[in-house]
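**Q** Starting off with a structure, shown below.
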Amino acid sequence: MSQYPLRVPDYLLDQAREAAKEENVSINQLFLAFISDGMGQRRALRSLQERAARGDPARALALLGSLPDHGPEPDDRMPEALQSEKRR
């Protein structure tokens with residue numbers, strides 16, 4: 001495992017100490033958990049961006065346009081209160 005010196009503003013370190021105490025973990029464990037979560041979110045966002053870049057909106061719209069015109073399922077209908085707000 002590698003080491004990396006990290007400079008943290010005092011206010012943030014105070015918050016991290018408190019959070020680590022509440023979670024009953026070390027500050028190091030807390031930071032590693034936060035970094036791991038952040039990296040996972042970053043990977044997920046990148047993956048979604050890559051998939052979106054491969055998408056073909058014209059083809060998707062053509063596919064949707066070829067489907068029969070059916071209204072929404074009863075459970076998928078917009079509530080009346082929201083329909084009146086949308087019309088405004």
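Here, A, B, ... name the chains of the structure tokens in the order displayed, residue numbers run from 1 inside each chain, and ligands are numbered from 1 in the same displayed order.
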Show which residues sit within 12 Å of region 31-44 of chain A, as a PyMOL selection string. Count only C-alpha atoms, and ignore same-chain residues fewer than 2 positions away.

**A** chain A and resi 3-4+6+8+12-13+15-17+19-20+23+25-29+46-51

**Q** Report the residues of chain A whose backbone DSSP state falls under alpha helix (DSSP H), written as a VMD selection string.

**A** chain A and resid 10 to 23 27 to 54 57 to 66 80 to 87
